[in-house]
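Peer 1: Sending over query.txt (compact mmCIF, N, CA, C and O atoms).
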# COMPACT_ATOMS: atom_id res chain seq x y z
N MET Z 713 1.99 -2.07 -10.38
CA MET Z 713 0.90 -1.36 -9.72
C MET Z 713 1.07 0.13 -9.96
O MET Z 713 2.16 0.65 -9.90
N ARG Z 714 -0.03 0.79 -10.18
CA ARG Z 714 0.01 2.24 -10.35
C ARG Z 714 0.00 2.90 -8.98
O ARG Z 714 0.00 2.23 -7.96
N SER Z 715 0.00 4.23 -8.94
CA SER Z 715 -0.01 4.92 -7.67
C SER Z 715 -1.23 4.50 -6.86
O SER Z 715 -2.27 4.17 -7.42
N GLY Z 716 -1.10 4.50 -5.56
CA GLY Z 716 -2.14 3.93 -4.72
C GLY Z 716 -1.98 2.42 -4.73
O GLY Z 716 -0.88 1.92 -4.81
N PHE Z 717 -3.06 1.70 -4.67
CA PHE Z 717 -2.95 0.25 -4.60
C PHE Z 717 -3.87 -0.46 -5.58
O PHE Z 717 -4.43 -1.48 -5.26
N GLY Z 718 -4.02 0.06 -6.76
CA GLY Z 718 -4.85 -0.59 -7.76
C GLY Z 718 -3.99 -1.36 -8.75
O GLY Z 718 -2.94 -0.90 -9.16
N CYS Z 719 -4.44 -2.54 -9.13
CA CYS Z 719 -3.76 -3.37 -10.12
C CYS Z 719 -3.76 -2.65 -11.47
O CYS Z 719 -4.78 -2.10 -11.88
N ASP Z 720 -2.62 -2.67 -12.16
CA ASP Z 720 -2.54 -2.04 -13.48
C ASP Z 720 -3.45 -2.74 -14.48
O ASP Z 720 -3.98 -2.11 -15.38
N ALA Z 721 -3.63 -4.04 -14.32
CA ALA Z 721 -4.42 -4.81 -15.30
C ALA Z 721 -5.93 -4.63 -15.11
O ALA Z 721 -6.65 -4.43 -16.08
N CYS Z 722 -6.41 -4.70 -13.86
CA CYS Z 722 -7.87 -4.67 -13.65
C CYS Z 722 -8.35 -3.57 -12.71
O CYS Z 722 -9.54 -3.34 -12.59
N GLY Z 723 -7.44 -2.90 -12.00
CA GLY Z 723 -7.82 -1.81 -11.11
C GLY Z 723 -8.18 -2.24 -9.69
O GLY Z 723 -8.42 -1.40 -8.83
N SER Z 724 -8.21 -3.54 -9.43
CA SER Z 724 -8.58 -4.02 -8.09
C SER Z 724 -7.53 -3.61 -7.07
O SER Z 724 -6.33 -3.75 -7.30
N PRO Z 725 -7.95 -3.12 -5.89
CA PRO Z 725 -7.00 -2.78 -4.83
C PRO Z 725 -6.67 -3.98 -3.94
O PRO Z 725 -5.83 -3.88 -3.06
N ALA Z 726 -7.31 -5.12 -4.17
CA ALA Z 726 -7.12 -6.30 -3.31
C ALA Z 726 -5.94 -7.13 -3.78
O ALA Z 726 -5.69 -7.28 -4.96
N VAL Z 727 -5.19 -7.66 -2.80
CA VAL Z 727 -4.06 -8.52 -3.11
C VAL Z 727 -4.23 -9.87 -2.45
O VAL Z 727 -4.94 -10.00 -1.45
N ARG Z 728 -3.59 -10.88 -3.02
CA ARG Z 728 -3.59 -12.23 -2.48
C ARG Z 728 -2.18 -12.53 -2.01
O ARG Z 728 -1.23 -12.50 -2.79
N LEU Z 729 -2.04 -12.80 -0.71
CA LEU Z 729 -0.74 -13.07 -0.13
C LEU Z 729 -0.44 -14.56 -0.15
O LEU Z 729 -1.34 -15.38 0.06
N PRO Z 730 0.82 -14.93 -0.35
CA PRO Z 730 1.18 -16.34 -0.32
C PRO Z 730 1.22 -16.85 1.12
O PRO Z 730 1.34 -16.06 2.06
N LEU Z 731 1.12 -18.15 1.31
CA LEU Z 731 1.20 -18.73 2.65
C LEU Z 731 2.58 -18.57 3.25
O LEU Z 731 2.72 -18.33 4.45
N ASP Z 732 3.61 -18.71 2.45
CA ASP Z 732 4.98 -18.58 2.91
C ASP Z 732 5.49 -17.18 2.57
O ASP Z 732 5.87 -16.90 1.44
N LEU Z 733 5.45 -16.28 3.56
CA LEU Z 733 5.87 -14.90 3.32
C LEU Z 733 7.37 -14.76 3.51
O LEU Z 733 7.88 -14.79 4.62
N HIS Z 734 8.08 -14.64 2.41
CA HIS Z 734 9.51 -14.32 2.42
C HIS Z 734 9.71 -13.19 1.43
O HIS Z 734 8.81 -12.87 0.64
N GLU Z 735 10.85 -12.53 1.49
CA GLU Z 735 11.08 -11.32 0.69
C GLU Z 735 10.76 -11.47 -0.80
O GLU Z 735 10.29 -10.54 -1.42
N ASP Z 736 11.02 -12.64 -1.36
CA ASP Z 736 10.83 -12.84 -2.80
C ASP Z 736 9.50 -13.50 -3.17
O ASP Z 736 9.24 -13.78 -4.34
N ALA Z 737 8.64 -13.75 -2.17
CA ALA Z 737 7.35 -14.40 -2.44
C ALA Z 737 6.48 -13.48 -3.31
O ALA Z 737 6.37 -12.28 -3.03
N PRO Z 738 5.88 -14.01 -4.37
CA PRO Z 738 5.07 -13.16 -5.26
C PRO Z 738 3.72 -12.79 -4.64
O PRO Z 738 3.06 -13.61 -4.02
N ILE Z 739 3.35 -11.54 -4.81
CA ILE Z 739 2.05 -11.03 -4.40
C ILE Z 739 1.20 -10.94 -5.66
O ILE Z 739 1.64 -10.41 -6.68
N HIS Z 740 -0.02 -11.47 -5.60
CA HIS Z 740 -0.90 -11.49 -6.77
C HIS Z 740 -2.12 -10.61 -6.55
O HIS Z 740 -2.58 -10.43 -5.41
N CYS Z 741 -2.66 -10.08 -7.62
CA CYS Z 741 -3.91 -9.34 -7.59
C CYS Z 741 -5.03 -10.32 -7.26
O CYS Z 741 -5.12 -11.40 -7.87
N ASP Z 742 -5.88 -9.97 -6.32
CA ASP Z 742 -7.00 -10.84 -5.96
C ASP Z 742 -8.14 -10.73 -6.97
O ASP Z 742 -9.03 -11.56 -7.00
N GLY Z 743 -8.09 -9.72 -7.80
CA GLY Z 743 -9.13 -9.55 -8.82
C GLY Z 743 -8.88 -10.39 -10.06
O GLY Z 743 -9.73 -11.16 -10.48
N CYS Z 744 -7.67 -10.27 -10.63
CA CYS Z 744 -7.38 -10.96 -11.89
C CYS Z 744 -6.27 -12.00 -11.78
O CYS Z 744 -6.06 -12.76 -12.71
N GLY Z 745 -5.56 -12.04 -10.66
CA GLY Z 745 -4.54 -13.05 -10.43
C GLY Z 745 -3.16 -12.72 -10.97
O GLY Z 745 -2.23 -13.50 -10.78
N CYS Z 746 -2.98 -11.58 -11.62
CA CYS Z 746 -1.66 -11.27 -12.16
C CYS Z 746 -0.67 -11.00 -11.03
O CYS Z 746 -1.05 -10.61 -9.93
N THR Z 747 0.61 -11.27 -11.29
CA THR Z 747 1.66 -11.03 -10.31
C THR Z 747 1.93 -9.54 -10.25
O THR Z 747 2.15 -8.90 -11.28
N LEU Z 748 1.92 -8.98 -9.03
CA LEU Z 748 2.13 -7.55 -8.85
C LEU Z 748 3.58 -7.22 -8.52
O LEU Z 748 4.18 -6.36 -9.14
N MET Z 749 4.12 -7.89 -7.52
CA MET Z 749 5.49 -7.65 -7.07
C MET Z 749 5.82 -8.66 -5.99
O MET Z 749 4.97 -9.44 -5.59
N ALA Z 750 7.05 -8.62 -5.49
CA ALA Z 750 7.47 -9.50 -4.41
C ALA Z 750 7.01 -8.94 -3.07
O ALA Z 750 6.78 -7.74 -2.92
N TRP Z 751 6.88 -9.81 -2.08
CA TRP Z 751 6.43 -9.43 -0.74
C TRP Z 751 7.30 -8.32 -0.15
O TRP Z 751 6.79 -7.35 0.41
N GLY Z 752 8.61 -8.42 -0.28
CA GLY Z 752 9.50 -7.40 0.27
C GLY Z 752 9.23 -6.04 -0.33
O GLY Z 752 9.16 -5.03 0.36
N ALA Z 753 9.07 -5.99 -1.65
CA ALA Z 753 8.78 -4.73 -2.33
C ALA Z 753 7.41 -4.19 -1.91
O ALA Z 753 7.23 -2.98 -1.73
N PHE Z 754 6.46 -5.09 -1.75
CA PHE Z 754 5.11 -4.68 -1.34
C PHE Z 754 5.14 -4.06 0.06
O PHE Z 754 4.54 -3.01 0.29
N LYS Z 755 5.87 -4.69 0.99
CA LYS Z 755 5.99 -4.13 2.35
C LYS Z 755 6.59 -2.73 2.30
O LYS Z 755 6.08 -1.82 2.97
N ARG Z 756 7.66 -2.57 1.55
CA ARG Z 756 8.30 -1.25 1.46
C ARG Z 756 7.35 -0.22 0.84
O ARG Z 756 7.31 0.94 1.27
N ARG Z 757 6.58 -0.63 -0.13
CA ARG Z 757 5.62 0.29 -0.77
C ARG Z 757 4.53 0.72 0.22
O ARG Z 757 4.16 1.89 0.29
N VAL Z 758 4.01 -0.24 1.00
CA VAL Z 758 2.99 0.09 2.00
C VAL Z 758 3.57 1.04 3.04
O VAL Z 758 2.94 2.03 3.42
N GLU Z 759 4.78 0.76 3.52
CA GLU Z 759 5.42 1.63 4.51
C GLU Z 759 5.62 3.04 3.97
O GLU Z 759 5.37 4.03 4.67
N ALA Z 760 6.05 3.16 2.71
CA ALA Z 760 6.25 4.47 2.10
C ALA Z 760 4.93 5.21 1.97
O ALA Z 760 4.85 6.42 2.22
N GLU Z 761 3.88 4.50 1.56
CA GLU Z 761 2.56 5.13 1.42
C GLU Z 761 2.04 5.61 2.77
O GLU Z 761 1.49 6.70 2.88
N MET Z 762 2.23 4.80 3.81
CA MET Z 762 1.78 5.19 5.14
C MET Z 762 2.55 6.42 5.63
O MET Z 762 1.95 7.33 6.22
N SER Z 763 3.84 6.48 5.38
CA SER Z 763 4.65 7.64 5.77
C SER Z 763 4.20 8.88 5.02
O SER Z 763 4.10 9.96 5.60
N ARG Z 764 3.93 8.71 3.72
CA ARG Z 764 3.48 9.84 2.91
C ARG Z 764 2.16 10.38 3.44
O ARG Z 764 1.98 11.58 3.61
N GLU Z 765 1.21 9.48 3.72
CA GLU Z 765 -0.09 9.90 4.23
C GLU Z 765 0.03 10.56 5.60
O GLU Z 765 -0.64 11.55 5.87
N ALA Z 766 0.89 10.03 6.46
CA ALA Z 766 1.09 10.62 7.78
C ALA Z 766 1.67 12.03 7.64
O ALA Z 766 1.27 12.94 8.37
N GLY Z 767 2.59 12.21 6.70
CA GLY Z 767 3.16 13.53 6.45
C GLY Z 767 2.13 14.51 5.95
O GLY Z 767 2.11 15.66 6.37
N GLU Z 768 1.25 14.06 5.07
CA GLU Z 768 0.18 14.93 4.56
C GLU Z 768 -0.77 15.32 5.68
O GLU Z 768 -1.19 16.46 5.75
N GLN Z 769 -1.10 14.39 6.56
CA GLN Z 769 -2.01 14.69 7.67
C GLN Z 769 -1.36 15.68 8.62
O GLN Z 769 -2.02 16.59 9.12
N GLY Z 770 -0.06 15.53 8.85
CA GLY Z 770 0.65 16.47 9.71
C GLY Z 770 0.70 17.85 9.12
O GLY Z 770 0.56 18.85 9.81
N THR Z 771 0.88 17.94 7.81
CA THR Z 771 0.92 19.23 7.11
C THR Z 771 -0.45 19.90 7.18
O THR Z 771 -0.55 21.10 7.42
N GLU Z 772 -1.51 19.12 6.98
CA GLU Z 772 -2.87 19.67 7.05
C GLU Z 772 -3.18 20.17 8.46
O GLU Z 772 -3.77 21.23 8.64
N ALA Z 773 -2.77 19.43 9.48
CA ALA Z 773 -3.03 19.83 10.86
C ALA Z 773 -2.28 21.11 11.19
O ALA Z 773 -2.81 22.00 11.87
N ALA Z 774 -1.06 21.25 10.68
CA ALA Z 774 -0.27 22.46 10.94
C ALA Z 774 -0.88 23.66 10.22
O ALA Z 774 -0.83 24.79 10.72
N ALA Z 775 -1.45 23.43 9.06
CA ALA Z 775 -2.05 24.53 8.28
C ALA Z 775 -3.37 25.00 8.87
O ALA Z 775 -3.78 26.13 8.67
N HIS Z 776 -4.05 24.12 9.62
CA HIS Z 776 -5.36 24.44 10.20
C HIS Z 776 -5.39 24.06 11.67
O HIS Z 776 -6.15 23.19 12.07
N PRO Z 777 -4.58 24.71 12.51
CA PRO Z 777 -4.54 24.33 13.94
C PRO Z 777 -5.89 24.56 14.60
O PRO Z 777 -6.60 25.52 14.31
N GLY Z 778 -6.26 23.63 15.46
CA GLY Z 778 -7.49 23.73 16.21
C GLY Z 778 -8.72 23.26 15.46
O GLY Z 778 -9.79 23.10 16.04
N GLU Z 779 -8.61 23.05 14.17
CA GLU Z 779 -9.75 22.61 13.38
C GLU Z 779 -10.09 21.18 13.74
O GLU Z 779 -9.24 20.33 13.92
N GLY Z 780 -11.37 20.87 13.85
CA GLY Z 780 -11.81 19.51 14.15
C GLY Z 780 -11.87 19.22 15.64
O GLY Z 780 -12.21 18.12 16.03
N ARG Z 781 -11.54 20.17 16.45
CA ARG Z 781 -11.61 19.97 17.90
C ARG Z 781 -12.94 20.50 18.42
O ARG Z 781 -13.48 21.47 17.92
N ASP Z 782 -13.43 19.86 19.47
CA ASP Z 782 -14.69 20.32 20.07
C ASP Z 782 -14.43 21.14 21.30
O ASP Z 782 -13.50 21.07 21.96
Would you put the structure from the file into structure tokens?

Peer 2:
Amino acid sequence: MRSGFGCDACGSPAVRLPLDLHEDAPIHCDGCGCTLMAWGAFKRRVEAEMSREAGEQGTEAAAHPGEGRD
């Protein structure tokens, strides 16, 4: 997978999760069906992306205090 959550093969951001979620369970692209990565790696990637986005939002809020408030 490239940066963000798009499949390298087709660009789809959708994933297909297996019924049995364990660390090594394969995650597939819902667009083209190719294997993206294991469930454990996918979870860690999502957590890292969420942390990165939260950090960016915090930085923006600090740079523009009071903005967006009524």

Peer 1: I'd like the contact shell of segment 726-742 of chain Z - 7 Å cut-off, all atoms listed in the file, skipping same-chain residues fewer than 5 positions apart - returned as a JSON list (two decimals) with N, CA, C and O atoms, in the frame of the given file.

Peer 2:
[["chain", "number", "residue", "atom", "x", "y", "z"],
["Z", 717, "PHE", "N", -3.06, 1.70, -4.67],
["Z", 717, "PHE", "CA", -2.95, 0.25, -4.60],
["Z", 717, "PHE", "C", -3.87, -0.46, -5.58],
["Z", 717, "PHE", "O", -4.43, -1.48, -5.26],
["Z", 718, "GLY", "N", -4.02, 0.06, -6.76],
["Z", 718, "GLY", "CA", -4.85, -0.59, -7.76],
["Z", 718, "GLY", "C", -3.99, -1.36, -8.75],
["Z", 718, "GLY", "O", -2.94, -0.90, -9.16],
["Z", 719, "CYS", "N", -4.44, -2.54, -9.13],
["Z", 719, "CYS", "CA", -3.76, -3.37, -10.12],
["Z", 719, "CYS", "C", -3.76, -2.65, -11.47],
["Z", 719, "CYS", "O", -4.78, -2.10, -11.88],
["Z", 747, "THR", "N", 0.61, -11.27, -11.29],
["Z", 747, "THR", "CA", 1.66, -11.03, -10.31],
["Z", 747, "THR", "C", 1.93, -9.54, -10.25],
["Z", 747, "THR", "O", 2.15, -8.90, -11.28],
["Z", 748, "LEU", "N", 1.92, -8.98, -9.03],
["Z", 748, "LEU", "CA", 2.13, -7.55, -8.85],
["Z", 748, "LEU", "C", 3.58, -7.22, -8.52],
["Z", 748, "LEU", "O", 4.18, -6.36, -9.14],
["Z", 749, "MET", "N", 4.12, -7.89, -7.52],
["Z", 749, "MET", "CA", 5.49, -7.65, -7.07],
["Z", 749, "MET", "C", 5.82, -8.66, -5.99],
["Z", 749, "MET", "O", 4.97, -9.44, -5.59],
["Z", 750, "ALA", "N", 7.05, -8.62, -5.49],
["Z", 750, "ALA", "CA", 7.47, -9.50, -4.41],
["Z", 750, "ALA", "C", 7.01, -8.94, -3.07],
["Z", 750, "ALA", "O", 6.78, -7.74, -2.92],
["Z", 751, "TRP", "N", 6.88, -9.81, -2.08],
["Z", 751, "TRP", "CA", 6.43, -9.43, -0.74],
["Z", 751, "TRP", "C", 7.30, -8.32, -0.15],
["Z", 751, "TRP", "O", 6.79, -7.35, 0.41],
["Z", 752, "GLY", "N", 8.61, -8.42, -0.28],
["Z", 752, "GLY", "CA", 9.50, -7.40, 0.27],
["Z", 752, "GLY", "C", 9.23, -6.04, -0.33],
["Z", 752, "GLY", "O", 9.16, -5.03, 0.36],
["Z", 753, "ALA", "N", 9.07, -5.99, -1.65],
["Z", 753, "ALA", "CA", 8.78, -4.73, -2.33],
["Z", 753, "ALA", "C", 7.41, -4.19, -1.91],
["Z", 753, "ALA", "O", 7.23, -2.98, -1.73],
["Z", 754, "PHE", "N", 6.46, -5.09, -1.75],
["Z", 754, "PHE", "CA", 5.11, -4.68, -1.34],
["Z", 754, "PHE", "C", 5.14, -4.06, 0.06],
["Z", 754, "PHE", "O", 4.54, -3.01, 0.29]]

Peer 1: At what distance in Å, to one decimal, does atom C of Gly723 of chain Z lie from atom O of Glu765 of chain Z?

Peer 2: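 Between atom O of Glu765 of chain Z and atom C of Gly723 of chain Z the gap is 22.1 Å.
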
Peer 1: Quick one: pick out all strand (DSSP E or B) residues within segment 717-781 of chain Z from a backbone DSSP run and write them as a list in words.

Peer 2: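 So, restricting segment 717-781 of chain Z to strand (DSSP E or B), we get Val727, Arg728, Pro738, Ile739, His740, Cys741, Thr747, Leu748, Met749 and Ala750 of chain Z.
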
Peer 1: Create the file for the chosen residues now, containing N, CA, C and O atoms and written as an mmCIF file, in the frame of the given file.

Peer 2:
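Writing the result to again.cif gives the following:
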data_model
loop_
_atom_site.group_PDB
_atom_site.id
_atom_site.type_symbol
_atom_site.label_atom_id
_atom_site.label_comp_id
_atom_site.auth_asym_id
_atom_site.auth_seq_id
_atom_site.Cartn_x
_atom_site.Cartn_y
_atom_site.Cartn_z
ATOM 1 N N VAL Z 727 -5.190 -7.660 -2.800
ATOM 2 C CA VAL Z 727 -4.060 -8.520 -3.110
ATOM 3 C C VAL Z 727 -4.230 -9.870 -2.450
ATOM 4 O O VAL Z 727 -4.940 -10.000 -1.450
ATOM 5 N N ARG Z 728 -3.590 -10.880 -3.020
ATOM 6 C CA ARG Z 728 -3.590 -12.230 -2.480
ATOM 7 C C ARG Z 728 -2.180 -12.530 -2.010
ATOM 8 O O ARG Z 728 -1.230 -12.500 -2.790
ATOM 9 N N PRO Z 738 5.880 -14.010 -4.370
ATOM 10 C CA PRO Z 738 5.070 -13.160 -5.260
ATOM 11 C C PRO Z 738 3.720 -12.790 -4.640
ATOM 12 O O PRO Z 738 3.060 -13.610 -4.020
ATOM 13 N N ILE Z 739 3.350 -11.540 -4.810
ATOM 14 C CA ILE Z 739 2.050 -11.030 -4.400
ATOM 15 C C ILE Z 739 1.200 -10.940 -5.660
ATOM 16 O O ILE Z 739 1.640 -10.410 -6.680
ATOM 17 N N HIS Z 740 -0.020 -11.470 -5.600
ATOM 18 C CA HIS Z 740 -0.900 -11.490 -6.770
ATOM 19 C C HIS Z 740 -2.120 -10.610 -6.550
ATOM 20 O O HIS Z 740 -2.580 -10.430 -5.410
ATOM 21 N N CYS Z 741 -2.660 -10.080 -7.620
ATOM 22 C CA CYS Z 741 -3.910 -9.340 -7.590
ATOM 23 C C CYS Z 741 -5.030 -10.320 -7.260
ATOM 24 O O CYS Z 741 -5.120 -11.400 -7.870
ATOM 25 N N THR Z 747 0.610 -11.270 -11.290
ATOM 26 C CA THR Z 747 1.660 -11.030 -10.310
ATOM 27 C C THR Z 747 1.930 -9.540 -10.250
ATOM 28 O O THR Z 747 2.150 -8.900 -11.280
ATOM 29 N N LEU Z 748 1.920 -8.980 -9.030
ATOM 30 C CA LEU Z 748 2.130 -7.550 -8.850
ATOM 31 C C LEU Z 748 3.580 -7.220 -8.520
ATOM 32 O O LEU Z 748 4.180 -6.360 -9.140
ATOM 33 N N MET Z 749 4.120 -7.890 -7.520
ATOM 34 C CA MET Z 749 5.490 -7.650 -7.070
ATOM 35 C C MET Z 749 5.820 -8.660 -5.990
ATOM 36 O O MET Z 749 4.970 -9.440 -5.590
ATOM 37 N N ALA Z 750 7.050 -8.620 -5.490
ATOM 38 C CA ALA Z 750 7.470 -9.500 -4.410
ATOM 39 C C ALA Z 750 7.010 -8.940 -3.070
ATOM 40 O O ALA Z 750 6.780 -7.740 -2.920
#

Peer 1: Quick one: distance from atom O of Ser763 of chain Z to atom CA of Ala721 of chain Z in Å, one decimal?

Peer 2: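 Answer for the atom O of Ser763 of chain Z to atom CA of Ala721 of chain Z separation: 27.0 Å.
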